[in-house]
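File shown: upload_19.txt (compact mmCIF, N, CA and C atoms).
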```txt
# COMPACT_ATOMS: atom_id res chain seq x y z
N MET A 1 -14.60 -11.47 2.06
CA MET A 1 -13.41 -10.86 1.47
C MET A 1 -13.25 -9.45 2.03
N GLU A 2 -12.12 -9.20 2.61
CA GLU A 2 -11.86 -7.90 3.21
C GLU A 2 -11.50 -6.90 2.11
N GLU A 3 -12.05 -5.68 2.23
CA GLU A 3 -11.76 -4.68 1.21
C GLU A 3 -10.32 -4.20 1.34
N ARG A 4 -9.77 -3.76 0.19
CA ARG A 4 -8.41 -3.23 0.20
C ARG A 4 -8.40 -1.89 0.93
N SER A 5 -7.33 -1.66 1.63
CA SER A 5 -7.18 -0.39 2.33
C SER A 5 -6.98 0.73 1.30
N ARG A 6 -7.54 1.89 1.62
CA ARG A 6 -7.39 3.07 0.76
C ARG A 6 -6.56 4.10 1.51
N ILE A 7 -5.47 4.53 0.87
CA ILE A 7 -4.57 5.51 1.47
C ILE A 7 -4.53 6.75 0.58
N LEU A 8 -4.73 7.90 1.20
CA LEU A 8 -4.65 9.18 0.50
C LEU A 8 -3.34 9.85 0.88
N ILE A 9 -2.53 10.17 -0.13
CA ILE A 9 -1.29 10.92 0.09
C ILE A 9 -1.59 12.38 -0.21
N ALA A 10 -1.44 13.24 0.79
CA ALA A 10 -1.72 14.67 0.62
C ALA A 10 -0.41 15.44 0.76
N ASP A 11 0.14 15.85 -0.37
CA ASP A 11 1.43 16.56 -0.38
C ASP A 11 1.52 17.34 -1.68
N ASP A 12 1.95 18.59 -1.60
CA ASP A 12 2.06 19.42 -2.81
C ASP A 12 3.39 19.21 -3.54
N ASN A 13 4.29 18.41 -2.97
CA ASN A 13 5.58 18.14 -3.60
C ASN A 13 5.53 16.77 -4.28
N MET A 14 5.55 16.75 -5.62
CA MET A 14 5.39 15.50 -6.36
C MET A 14 6.54 14.52 -6.12
N THR A 15 7.73 15.01 -5.81
CA THR A 15 8.85 14.12 -5.49
C THR A 15 8.53 13.33 -4.22
N ASN A 16 7.99 14.02 -3.22
CA ASN A 16 7.59 13.34 -1.98
C ASN A 16 6.49 12.32 -2.25
N VAL A 17 5.51 12.70 -3.06
CA VAL A 17 4.40 11.81 -3.39
C VAL A 17 4.92 10.54 -4.06
N GLU A 18 5.80 10.71 -5.06
CA GLU A 18 6.33 9.55 -5.78
C GLU A 18 7.11 8.63 -4.85
N LEU A 19 7.89 9.21 -3.95
CA LEU A 19 8.66 8.40 -2.99
C LEU A 19 7.72 7.61 -2.08
N LEU A 20 6.68 8.26 -1.56
CA LEU A 20 5.72 7.57 -0.70
C LEU A 20 5.00 6.46 -1.46
N GLU A 21 4.66 6.72 -2.73
CA GLU A 21 3.99 5.69 -3.54
C GLU A 21 4.90 4.48 -3.73
N ILE A 22 6.18 4.72 -3.97
CA ILE A 22 7.13 3.62 -4.13
C ILE A 22 7.23 2.82 -2.83
N TYR A 23 7.34 3.52 -1.70
CA TYR A 23 7.42 2.84 -0.41
C TYR A 23 6.17 2.02 -0.14
N LEU A 24 5.00 2.58 -0.46
CA LEU A 24 3.74 1.90 -0.16
C LEU A 24 3.41 0.77 -1.13
N ALA A 25 4.21 0.61 -2.17
CA ALA A 25 3.96 -0.46 -3.15
C ALA A 25 4.00 -1.83 -2.48
N GLU A 26 4.66 -1.94 -1.33
CA GLU A 26 4.75 -3.22 -0.62
C GLU A 26 3.46 -3.57 0.14
N ILE A 27 2.54 -2.61 0.23
CA ILE A 27 1.29 -2.83 0.95
C ILE A 27 0.18 -2.96 -0.09
N ASP A 28 -0.70 -3.95 0.10
CA ASP A 28 -1.82 -4.13 -0.81
C ASP A 28 -2.86 -3.06 -0.50
N CYS A 29 -2.84 -1.98 -1.28
CA CYS A 29 -3.76 -0.87 -1.01
C CYS A 29 -4.01 -0.07 -2.28
N GLU A 30 -5.09 0.70 -2.24
CA GLU A 30 -5.37 1.67 -3.30
C GLU A 30 -4.83 3.00 -2.82
N ILE A 31 -4.25 3.77 -3.75
CA ILE A 31 -3.67 5.06 -3.38
C ILE A 31 -4.28 6.16 -4.23
N ALA A 32 -4.61 7.27 -3.59
CA ALA A 32 -5.02 8.48 -4.29
C ALA A 32 -4.11 9.60 -3.81
N VAL A 33 -4.05 10.67 -4.59
CA VAL A 33 -3.15 11.79 -4.27
C VAL A 33 -3.94 13.09 -4.25
N ALA A 34 -3.65 13.93 -3.26
CA ALA A 34 -4.20 15.28 -3.18
C ALA A 34 -3.03 16.26 -3.16
N VAL A 35 -3.18 17.40 -3.81
CA VAL A 35 -2.04 18.32 -3.99
C VAL A 35 -2.09 19.57 -3.11
N ASP A 36 -3.20 19.77 -2.39
CA ASP A 36 -3.28 20.89 -1.44
C ASP A 36 -4.36 20.56 -0.41
N GLY A 37 -4.54 21.47 0.53
CA GLY A 37 -5.48 21.20 1.61
C GLY A 37 -6.92 21.05 1.16
N GLN A 38 -7.38 21.93 0.27
CA GLN A 38 -8.75 21.84 -0.20
C GLN A 38 -8.95 20.58 -1.03
N ASP A 39 -7.96 20.26 -1.87
CA ASP A 39 -8.02 19.04 -2.68
C ASP A 39 -8.10 17.81 -1.77
N THR A 40 -7.42 17.86 -0.63
CA THR A 40 -7.46 16.75 0.32
C THR A 40 -8.88 16.53 0.82
N LEU A 41 -9.55 17.61 1.23
CA LEU A 41 -10.92 17.49 1.73
C LEU A 41 -11.85 16.97 0.63
N ASP A 42 -11.65 17.44 -0.61
CA ASP A 42 -12.47 16.97 -1.73
C ASP A 42 -12.24 15.49 -2.00
N LYS A 43 -10.97 15.06 -1.97
CA LYS A 43 -10.64 13.66 -2.24
C LYS A 43 -11.15 12.75 -1.13
N VAL A 44 -11.14 13.22 0.10
CA VAL A 44 -11.67 12.42 1.21
C VAL A 44 -13.13 12.09 0.94
N ALA A 45 -13.89 13.07 0.46
CA ALA A 45 -15.31 12.88 0.21
C ALA A 45 -15.56 11.83 -0.87
N GLU A 46 -14.74 11.81 -1.92
CA GLU A 46 -14.99 10.86 -3.02
C GLU A 46 -14.24 9.54 -2.86
N PHE A 47 -13.03 9.55 -2.32
CA PHE A 47 -12.19 8.34 -2.23
C PHE A 47 -12.44 7.55 -0.95
N LYS A 48 -12.89 8.24 0.10
CA LYS A 48 -13.16 7.64 1.40
C LYS A 48 -11.97 6.81 1.91
N PRO A 49 -10.84 7.47 2.15
CA PRO A 49 -9.64 6.74 2.59
C PRO A 49 -9.77 6.21 4.02
N HIS A 50 -8.99 5.17 4.29
CA HIS A 50 -8.88 4.63 5.65
C HIS A 50 -7.76 5.35 6.40
N LEU A 51 -6.78 5.83 5.63
CA LEU A 51 -5.59 6.47 6.19
C LEU A 51 -5.17 7.61 5.28
N ILE A 52 -4.75 8.72 5.89
CA ILE A 52 -4.21 9.85 5.12
C ILE A 52 -2.79 10.10 5.58
N LEU A 53 -1.86 10.15 4.62
CA LEU A 53 -0.50 10.61 4.89
C LEU A 53 -0.54 12.10 4.56
N LEU A 54 -0.51 12.93 5.58
CA LEU A 54 -0.82 14.35 5.44
C LEU A 54 0.40 15.22 5.69
N ASP A 55 0.80 15.96 4.66
CA ASP A 55 1.87 16.94 4.81
C ASP A 55 1.32 18.16 5.54
N ILE A 56 2.14 18.83 6.33
CA ILE A 56 1.66 20.01 7.05
C ILE A 56 1.72 21.25 6.17
N MET A 57 2.84 21.46 5.49
CA MET A 57 3.02 22.68 4.71
C MET A 57 2.45 22.50 3.31
N MET A 58 1.17 22.88 3.15
CA MET A 58 0.50 22.79 1.85
C MET A 58 -0.24 24.09 1.57
N PRO A 59 -0.46 24.40 0.28
CA PRO A 59 -1.23 25.60 -0.06
C PRO A 59 -2.72 25.43 0.26
N LYS A 60 -3.43 26.54 0.24
CA LYS A 60 -4.87 26.66 0.49
C LYS A 60 -5.21 26.39 1.95
N LEU A 61 -5.12 25.15 2.41
CA LEU A 61 -5.29 24.83 3.83
C LEU A 61 -4.07 24.02 4.24
N ASN A 62 -3.49 24.34 5.40
CA ASN A 62 -2.33 23.54 5.82
C ASN A 62 -2.80 22.24 6.47
N GLY A 63 -1.87 21.36 6.75
CA GLY A 63 -2.20 20.06 7.31
C GLY A 63 -2.91 20.13 8.65
N PHE A 64 -2.55 21.12 9.48
CA PHE A 64 -3.22 21.28 10.77
C PHE A 64 -4.71 21.56 10.56
N GLU A 65 -5.01 22.47 9.61
CA GLU A 65 -6.40 22.84 9.33
C GLU A 65 -7.19 21.67 8.76
N VAL A 66 -6.56 20.94 7.83
CA VAL A 66 -7.21 19.77 7.22
C VAL A 66 -7.49 18.73 8.29
N CYS A 67 -6.51 18.43 9.12
CA CYS A 67 -6.65 17.43 10.17
C CYS A 67 -7.78 17.82 11.12
N HIS A 68 -7.78 19.06 11.57
CA HIS A 68 -8.81 19.53 12.49
C HIS A 68 -10.20 19.41 11.87
N THR A 69 -10.32 19.80 10.61
CA THR A 69 -11.61 19.72 9.90
C THR A 69 -12.11 18.28 9.84
N LEU A 70 -11.22 17.35 9.49
CA LEU A 70 -11.60 15.95 9.37
C LEU A 70 -11.93 15.33 10.71
N LYS A 71 -11.14 15.64 11.72
CA LYS A 71 -11.33 15.01 13.03
C LYS A 71 -12.53 15.56 13.80
N THR A 72 -13.03 16.75 13.42
CA THR A 72 -14.19 17.30 14.11
C THR A 72 -15.50 17.01 13.37
N SER A 73 -15.42 16.29 12.26
CA SER A 73 -16.63 15.91 11.53
C SER A 73 -16.97 14.45 11.85
N ALA A 74 -18.23 14.19 12.16
CA ALA A 74 -18.65 12.82 12.51
C ALA A 74 -18.39 11.84 11.37
N GLU A 75 -18.53 12.30 10.12
CA GLU A 75 -18.35 11.39 8.97
C GLU A 75 -16.89 11.00 8.75
N THR A 76 -15.96 11.87 9.14
CA THR A 76 -14.55 11.62 8.81
C THR A 76 -13.65 11.46 10.03
N SER A 77 -14.21 11.54 11.22
CA SER A 77 -13.36 11.51 12.42
C SER A 77 -12.63 10.19 12.61
N GLY A 78 -13.14 9.11 12.02
CA GLY A 78 -12.51 7.81 12.18
C GLY A 78 -11.36 7.54 11.22
N ILE A 79 -11.14 8.45 10.27
CA ILE A 79 -10.03 8.26 9.34
C ILE A 79 -8.72 8.46 10.09
N MET A 80 -7.81 7.51 9.94
CA MET A 80 -6.50 7.62 10.59
C MET A 80 -5.67 8.66 9.84
N ILE A 81 -4.99 9.53 10.57
CA ILE A 81 -4.16 10.57 9.96
C ILE A 81 -2.74 10.46 10.49
N LEU A 82 -1.81 10.25 9.54
CA LEU A 82 -0.38 10.22 9.84
C LEU A 82 0.22 11.47 9.21
N MET A 83 0.62 12.42 10.05
CA MET A 83 1.22 13.65 9.53
C MET A 83 2.68 13.36 9.18
N VAL A 84 3.03 13.73 7.96
CA VAL A 84 4.39 13.53 7.46
C VAL A 84 4.94 14.92 7.17
N THR A 85 5.98 15.31 7.91
CA THR A 85 6.41 16.68 7.79
C THR A 85 7.90 16.88 8.03
N ALA A 86 8.42 17.94 7.41
CA ALA A 86 9.80 18.33 7.64
C ALA A 86 9.90 19.09 8.96
N LEU A 87 8.77 19.57 9.44
CA LEU A 87 8.77 20.30 10.72
C LEU A 87 8.97 19.30 11.85
N ASN A 88 9.89 19.59 12.74
CA ASN A 88 10.04 18.69 13.89
C ASN A 88 10.26 19.47 15.16
N GLU A 89 9.80 20.71 15.16
CA GLU A 89 9.82 21.51 16.36
C GLU A 89 8.76 20.96 17.32
N LEU A 90 9.02 21.04 18.60
CA LEU A 90 8.08 20.54 19.60
C LEU A 90 6.72 21.20 19.44
N GLY A 91 6.69 22.50 19.15
CA GLY A 91 5.43 23.21 18.97
C GLY A 91 4.61 22.66 17.82
N ASP A 92 5.28 22.22 16.75
CA ASP A 92 4.56 21.66 15.60
C ASP A 92 3.94 20.31 15.97
N ILE A 93 4.67 19.52 16.73
CA ILE A 93 4.14 18.23 17.16
C ILE A 93 2.93 18.44 18.06
N GLU A 94 3.02 19.42 18.96
CA GLU A 94 1.89 19.73 19.84
C GLU A 94 0.69 20.19 19.02
N ARG A 95 0.92 21.03 18.00
CA ARG A 95 -0.19 21.50 17.15
C ARG A 95 -0.81 20.33 16.39
N ALA A 96 0.02 19.39 15.94
CA ALA A 96 -0.50 18.22 15.21
C ALA A 96 -1.39 17.38 16.13
N VAL A 97 -0.95 17.19 17.36
CA VAL A 97 -1.74 16.42 18.33
C VAL A 97 -3.04 17.16 18.65
N GLN A 98 -2.96 18.47 18.84
CA GLN A 98 -4.16 19.26 19.13
C GLN A 98 -5.15 19.22 17.96
N ALA A 99 -4.62 19.14 16.74
CA ALA A 99 -5.48 19.08 15.55
C ALA A 99 -6.15 17.71 15.43
N GLY A 100 -5.62 16.71 16.17
CA GLY A 100 -6.25 15.40 16.19
C GLY A 100 -5.53 14.31 15.42
N CYS A 101 -4.30 14.57 14.99
CA CYS A 101 -3.61 13.54 14.21
C CYS A 101 -3.35 12.30 15.07
N ASP A 102 -3.31 11.16 14.39
CA ASP A 102 -3.12 9.89 15.11
C ASP A 102 -1.66 9.56 15.33
N ASP A 103 -0.79 10.05 14.44
CA ASP A 103 0.65 9.80 14.56
C ASP A 103 1.36 10.78 13.65
N PHE A 104 2.67 10.90 13.80
CA PHE A 104 3.42 11.77 12.91
C PHE A 104 4.78 11.15 12.61
N LEU A 105 5.32 11.58 11.48
CA LEU A 105 6.57 11.04 10.96
C LEU A 105 7.35 12.21 10.39
N SER A 106 8.63 12.30 10.71
CA SER A 106 9.46 13.40 10.20
C SER A 106 10.11 13.03 8.88
N LYS A 107 10.25 14.03 8.01
CA LYS A 107 10.99 13.86 6.76
C LYS A 107 12.45 14.11 7.07
N PRO A 108 13.39 13.48 6.39
CA PRO A 108 13.14 12.48 5.34
C PRO A 108 12.57 11.20 5.94
N VAL A 109 11.60 10.64 5.23
CA VAL A 109 10.89 9.46 5.72
C VAL A 109 11.76 8.21 5.60
N ASN A 110 11.81 7.45 6.68
CA ASN A 110 12.48 6.16 6.67
C ASN A 110 11.47 5.13 6.20
N LYS A 111 11.81 4.36 5.15
CA LYS A 111 10.87 3.43 4.54
C LYS A 111 10.32 2.42 5.55
N LEU A 112 11.18 1.79 6.31
CA LEU A 112 10.74 0.76 7.26
C LEU A 112 9.82 1.36 8.31
N GLU A 113 10.17 2.54 8.83
CA GLU A 113 9.33 3.19 9.84
C GLU A 113 7.96 3.54 9.25
N LEU A 114 7.94 4.06 8.02
CA LEU A 114 6.67 4.39 7.37
C LEU A 114 5.81 3.14 7.21
N LEU A 115 6.39 2.06 6.69
CA LEU A 115 5.62 0.84 6.46
C LEU A 115 5.05 0.26 7.75
N LYS A 116 5.85 0.24 8.81
CA LYS A 116 5.36 -0.30 10.09
C LYS A 116 4.24 0.56 10.66
N ARG A 117 4.39 1.87 10.59
CA ARG A 117 3.34 2.75 11.12
C ARG A 117 2.06 2.62 10.31
N VAL A 118 2.19 2.57 8.98
CA VAL A 118 1.01 2.42 8.12
C VAL A 118 0.33 1.09 8.41
N GLU A 119 1.10 0.01 8.48
CA GLU A 119 0.52 -1.31 8.77
C GLU A 119 -0.20 -1.31 10.12
N ASN A 120 0.44 -0.72 11.14
CA ASN A 120 -0.17 -0.68 12.47
C ASN A 120 -1.45 0.16 12.48
N MET A 121 -1.43 1.29 11.78
CA MET A 121 -2.61 2.15 11.76
C MET A 121 -3.76 1.48 11.01
N LEU A 122 -3.44 0.78 9.92
CA LEU A 122 -4.49 0.08 9.17
C LEU A 122 -5.05 -1.09 9.99
N ARG A 123 -4.19 -1.77 10.73
CA ARG A 123 -4.64 -2.86 11.59
C ARG A 123 -5.54 -2.32 12.70
N LEU A 124 -5.15 -1.21 13.29
CA LEU A 124 -5.96 -0.58 14.33
C LEU A 124 -7.32 -0.17 13.78
N ARG A 125 -7.35 0.39 12.59
CA ARG A 125 -8.61 0.77 11.96
C ARG A 125 -9.49 -0.45 11.75
N SER A 126 -8.89 -1.54 11.31
CA SER A 126 -9.63 -2.77 11.07
C SER A 126 -10.25 -3.30 12.36
N VAL A 127 -9.48 -3.29 13.44
CA VAL A 127 -9.98 -3.76 14.73
C VAL A 127 -11.10 -2.83 15.22
N THR A 128 -10.92 -1.54 15.07
CA THR A 128 -11.94 -0.57 15.48
C THR A 128 -13.23 -0.80 14.70
N ASP A 129 -13.11 -1.05 13.39
CA ASP A 129 -14.29 -1.33 12.56
C ASP A 129 -14.99 -2.60 13.04
N GLU A 130 -14.23 -3.62 13.38
CA GLU A 130 -14.80 -4.88 13.84
C GLU A 130 -15.53 -4.69 15.18
N VAL A 131 -14.96 -3.93 16.07
CA VAL A 131 -15.59 -3.65 17.36
C VAL A 131 -16.92 -2.91 17.12
N GLU A 132 -16.92 -1.96 16.20
CA GLU A 132 -18.14 -1.22 15.89
C GLU A 132 -19.20 -2.15 15.30
N ARG A 133 -18.81 -3.06 14.40
CA ARG A 133 -19.76 -4.02 13.83
C ARG A 133 -20.35 -4.91 14.92
N LEU A 134 -19.52 -5.38 15.84
CA LEU A 134 -20.01 -6.22 16.94
C LEU A 134 -20.96 -5.45 17.85
N ARG A 135 -20.63 -4.19 18.13
CA ARG A 135 -21.49 -3.36 18.98
C ARG A 135 -22.86 -3.20 18.33
N MET A 136 -22.88 -2.94 17.03
CA MET A 136 -24.15 -2.76 16.32
C MET A 136 -24.94 -4.07 16.29
N TYR A 137 -24.25 -5.19 16.13
CA TYR A 137 -24.89 -6.51 16.12
C TYR A 137 -25.54 -6.80 17.47
N ILE A 138 -24.80 -6.54 18.53
CA ILE A 138 -25.33 -6.77 19.88
C ILE A 138 -26.54 -5.88 20.14
N GLU A 139 -26.44 -4.62 19.73
CA GLU A 139 -27.58 -3.71 19.91
C GLU A 139 -28.81 -4.20 19.15
N SER A 140 -28.60 -4.73 17.94
CA SER A 140 -29.74 -5.21 17.14
C SER A 140 -30.38 -6.44 17.79
N ILE A 141 -29.56 -7.30 18.37
CA ILE A 141 -30.09 -8.49 19.06
C ILE A 141 -30.88 -8.05 20.29
N GLU A 142 -30.31 -7.13 21.06
CA GLU A 142 -31.00 -6.65 22.26
C GLU A 142 -32.30 -5.96 21.90
N ALA A 143 -32.31 -5.20 20.81
CA ALA A 143 -33.53 -4.49 20.39
C ALA A 143 -34.60 -5.46 19.91
N SER A 144 -34.17 -6.53 19.22
CA SER A 144 -35.17 -7.47 18.67
C SER A 144 -35.72 -8.41 19.76
N SER A 145 -34.91 -8.66 20.78
CA SER A 145 -35.41 -9.56 21.83
C SER A 145 -36.31 -8.82 22.82
N GLY A 146 -36.13 -7.52 22.91
CA GLY A 146 -36.99 -6.72 23.77
C GLY A 146 -36.88 -7.11 25.24
N PRO A 147 -37.68 -6.48 26.09
CA PRO A 147 -37.64 -6.82 27.52
C PRO A 147 -38.24 -8.21 27.75
N GLN A 148 -37.66 -8.92 28.65
CA GLN A 148 -38.12 -10.31 28.94
C GLN A 148 -39.22 -10.31 29.96
```
Can you give me the file's structure in the form of structure tokens?
Amino acid sequence: MEERSRILIADDNMTNVELLEIYLAEIDCEIAVAVDGQDTLDKVAEFKPHLILLDIMMPKLNGFEVCHTLKTSAETSGIMILMVTALNELGDIERAVQAGCDDFLSKPVNKLELLKRVENMLRLRSVTDEVERLRMYIESIEASSGPQ
């Protein structure tokens, strides 16, 4: 039985959070919410999300800082990050990519676009996890068989 996907919505605007929750209701997943950058890092540690919908403009730590922190840590670098932002200046997109985000979406969010990107990112994570499991399995077989 495959575990349900866990999605963390990180946004300080509750209207945005509620809208994203309504849109994501079509996906079989668990959802948690973080209200600022530090709360996002705390929730990642306890909720262990597969995907984060990360707003850029948040108090305490902005989305760029949160993304960079998560992507440079070995424990959290595999979490998929979809930046959702009202910013759509080229410089902001470049900063998001430099921070390590996997994809970005401009507000106002289009429901169909959000759902397809989330589904694709979760599928990619699943395939990546499977490849890692196979790699570990092969290594264990090679280690147990030893040199011939």
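In this comparison, which uses only N, CA and C atoms, the residue of A:Ala96, A:Ile9, A:Leu51, A:Met83 approaching Leu122 in chain A most closely is A:Leu51.
Pairwise distance (CA of Ser77 in chain A, CA of Val44 in chain A) equals 11.4 Å.
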Practice prompt. Tell me which protein, DNA and RNA residues are within 12 Å of Asn110 in chain A, counting only C-alpha atoms, leaving out same-chain ones fewer than 4 positions away, and put them as an MDAnalysis selection string.
Written response: chainID A and resid 19:20 23:24 84 105:106 114:117
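Pairwise distance (atom N of Asp36 in chain A, atom N of Leu61 in chain A) equals 7.5 Å.
Between CA of Gly78 in chain A and CA of Arg4 in chain A there is a distance of 16.8 Å.
The shortest atom-to-atom distance to Phe47 in chain A, with all atoms listed in the file taken into account, belongs to A:Ile7 out of A:Ile93, A:Ile27, A:Ile7, A:Ile138.
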So that all listed atoms of range 51-60 of chain A fit with 5 Å spare on each side, what axis-aligned box centre and edge lengths in Å, to one decimal, would you give as JSON?
```
{"center_x": -1.9, "center_y": 16.2, "center_z": 3.5, "size_x": 19.8, "size_y": 30.8, "size_z": 17.1}
```
Discussion item. DSSP on the backbone, strand (DSSP E or B) only: what residues of range 67-97 of chain A does that give? Format it as JSON, numbers by chain.
Written reply: {"A": [80, 81, 82, 83, 84, 85]}
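Distances to His50 in chain A were evaluated for A:Asn62, A:Ser5, A:Asn16, A:Ser73 using all atoms listed in the file, and the minimum falls at A:Ser5.
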Discussion item. Quick check for you: according to DSSP on this backbone, which residues of chain A are classed as helix (DSSP H, G or I)? Reply as a count of residues only.
Written reply: 76
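The list of residues with at least one atom within 7 Å of Val66 in chain A, based on only N, CA and C atoms and without residues fewer than 5 positions apart in the same chain, reads Gly37, Leu41, Leu61 and Lys71 of chain A.
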Discussion item. For a cutoff of 8 Å around the file-coordinate point (-7.6, 10.5, 11.1), which residues qualify once you count only N, CA and C atoms? I'd like the result as a VMD selection string.
Written reply: chain A and resid 50 to 52 67 70 to 71 76 to 82 100 to 103
Print the selection's residues with N, CA and C atoms to a file, as a short mmCIF file (atom, residue, chain, number, x, y, z; two decimals), keeping the file's coordinate frame.
```cif
data_model
loop_
_atom_site.label_atom_id
_atom_site.label_comp_id
_atom_site.auth_asym_id
_atom_site.auth_seq_id
_atom_site.Cartn_x
_atom_site.Cartn_y
_atom_site.Cartn_z
N HIS A 50 -8.99 5.17 4.29
CA HIS A 50 -8.88 4.63 5.65
C HIS A 50 -7.76 5.35 6.40
N LEU A 51 -6.78 5.83 5.63
CA LEU A 51 -5.59 6.47 6.19
C LEU A 51 -5.17 7.61 5.28
N ILE A 52 -4.75 8.72 5.89
CA ILE A 52 -4.21 9.85 5.12
C ILE A 52 -2.79 10.10 5.58
N CYS A 67 -6.51 18.43 9.12
CA CYS A 67 -6.65 17.43 10.17
C CYS A 67 -7.78 17.82 11.12
N LEU A 70 -11.22 17.35 9.49
CA LEU A 70 -11.60 15.95 9.37
C LEU A 70 -11.93 15.33 10.71
N LYS A 71 -11.14 15.64 11.72
CA LYS A 71 -11.33 15.01 13.03
C LYS A 71 -12.53 15.56 13.80
N THR A 76 -15.96 11.87 9.14
CA THR A 76 -14.55 11.62 8.81
C THR A 76 -13.65 11.46 10.03
N SER A 77 -14.21 11.54 11.22
CA SER A 77 -13.36 11.51 12.42
C SER A 77 -12.63 10.19 12.61
N GLY A 78 -13.14 9.11 12.02
CA GLY A 78 -12.51 7.81 12.18
C GLY A 78 -11.36 7.54 11.22
N ILE A 79 -11.14 8.45 10.27
CA ILE A 79 -10.03 8.26 9.34
C ILE A 79 -8.72 8.46 10.09
N MET A 80 -7.81 7.51 9.94
CA MET A 80 -6.50 7.62 10.59
C MET A 80 -5.67 8.66 9.84
N ILE A 81 -4.99 9.53 10.57
CA ILE A 81 -4.16 10.57 9.96
C ILE A 81 -2.74 10.46 10.49
N LEU A 82 -1.81 10.25 9.54
CA LEU A 82 -0.38 10.22 9.84
C LEU A 82 0.22 11.47 9.21
N GLY A 100 -5.62 16.71 16.17
CA GLY A 100 -6.25 15.40 16.19
C GLY A 100 -5.53 14.31 15.42
N CYS A 101 -4.30 14.57 14.99
CA CYS A 101 -3.61 13.54 14.21
C CYS A 101 -3.35 12.30 15.07
N ASP A 102 -3.31 11.16 14.39
CA ASP A 102 -3.12 9.89 15.11
C ASP A 102 -1.66 9.56 15.33
N ASP A 103 -0.79 10.05 14.44
CA ASP A 103 0.65 9.80 14.56
C ASP A 103 1.36 10.78 13.65
#
```
Worksheet item: A:Thr15, A:Ala10, A:Asp42, A:Thr72: which is nearest Ile56 in chain A, counting only N, CA and C atoms?
Response: A:Ala10
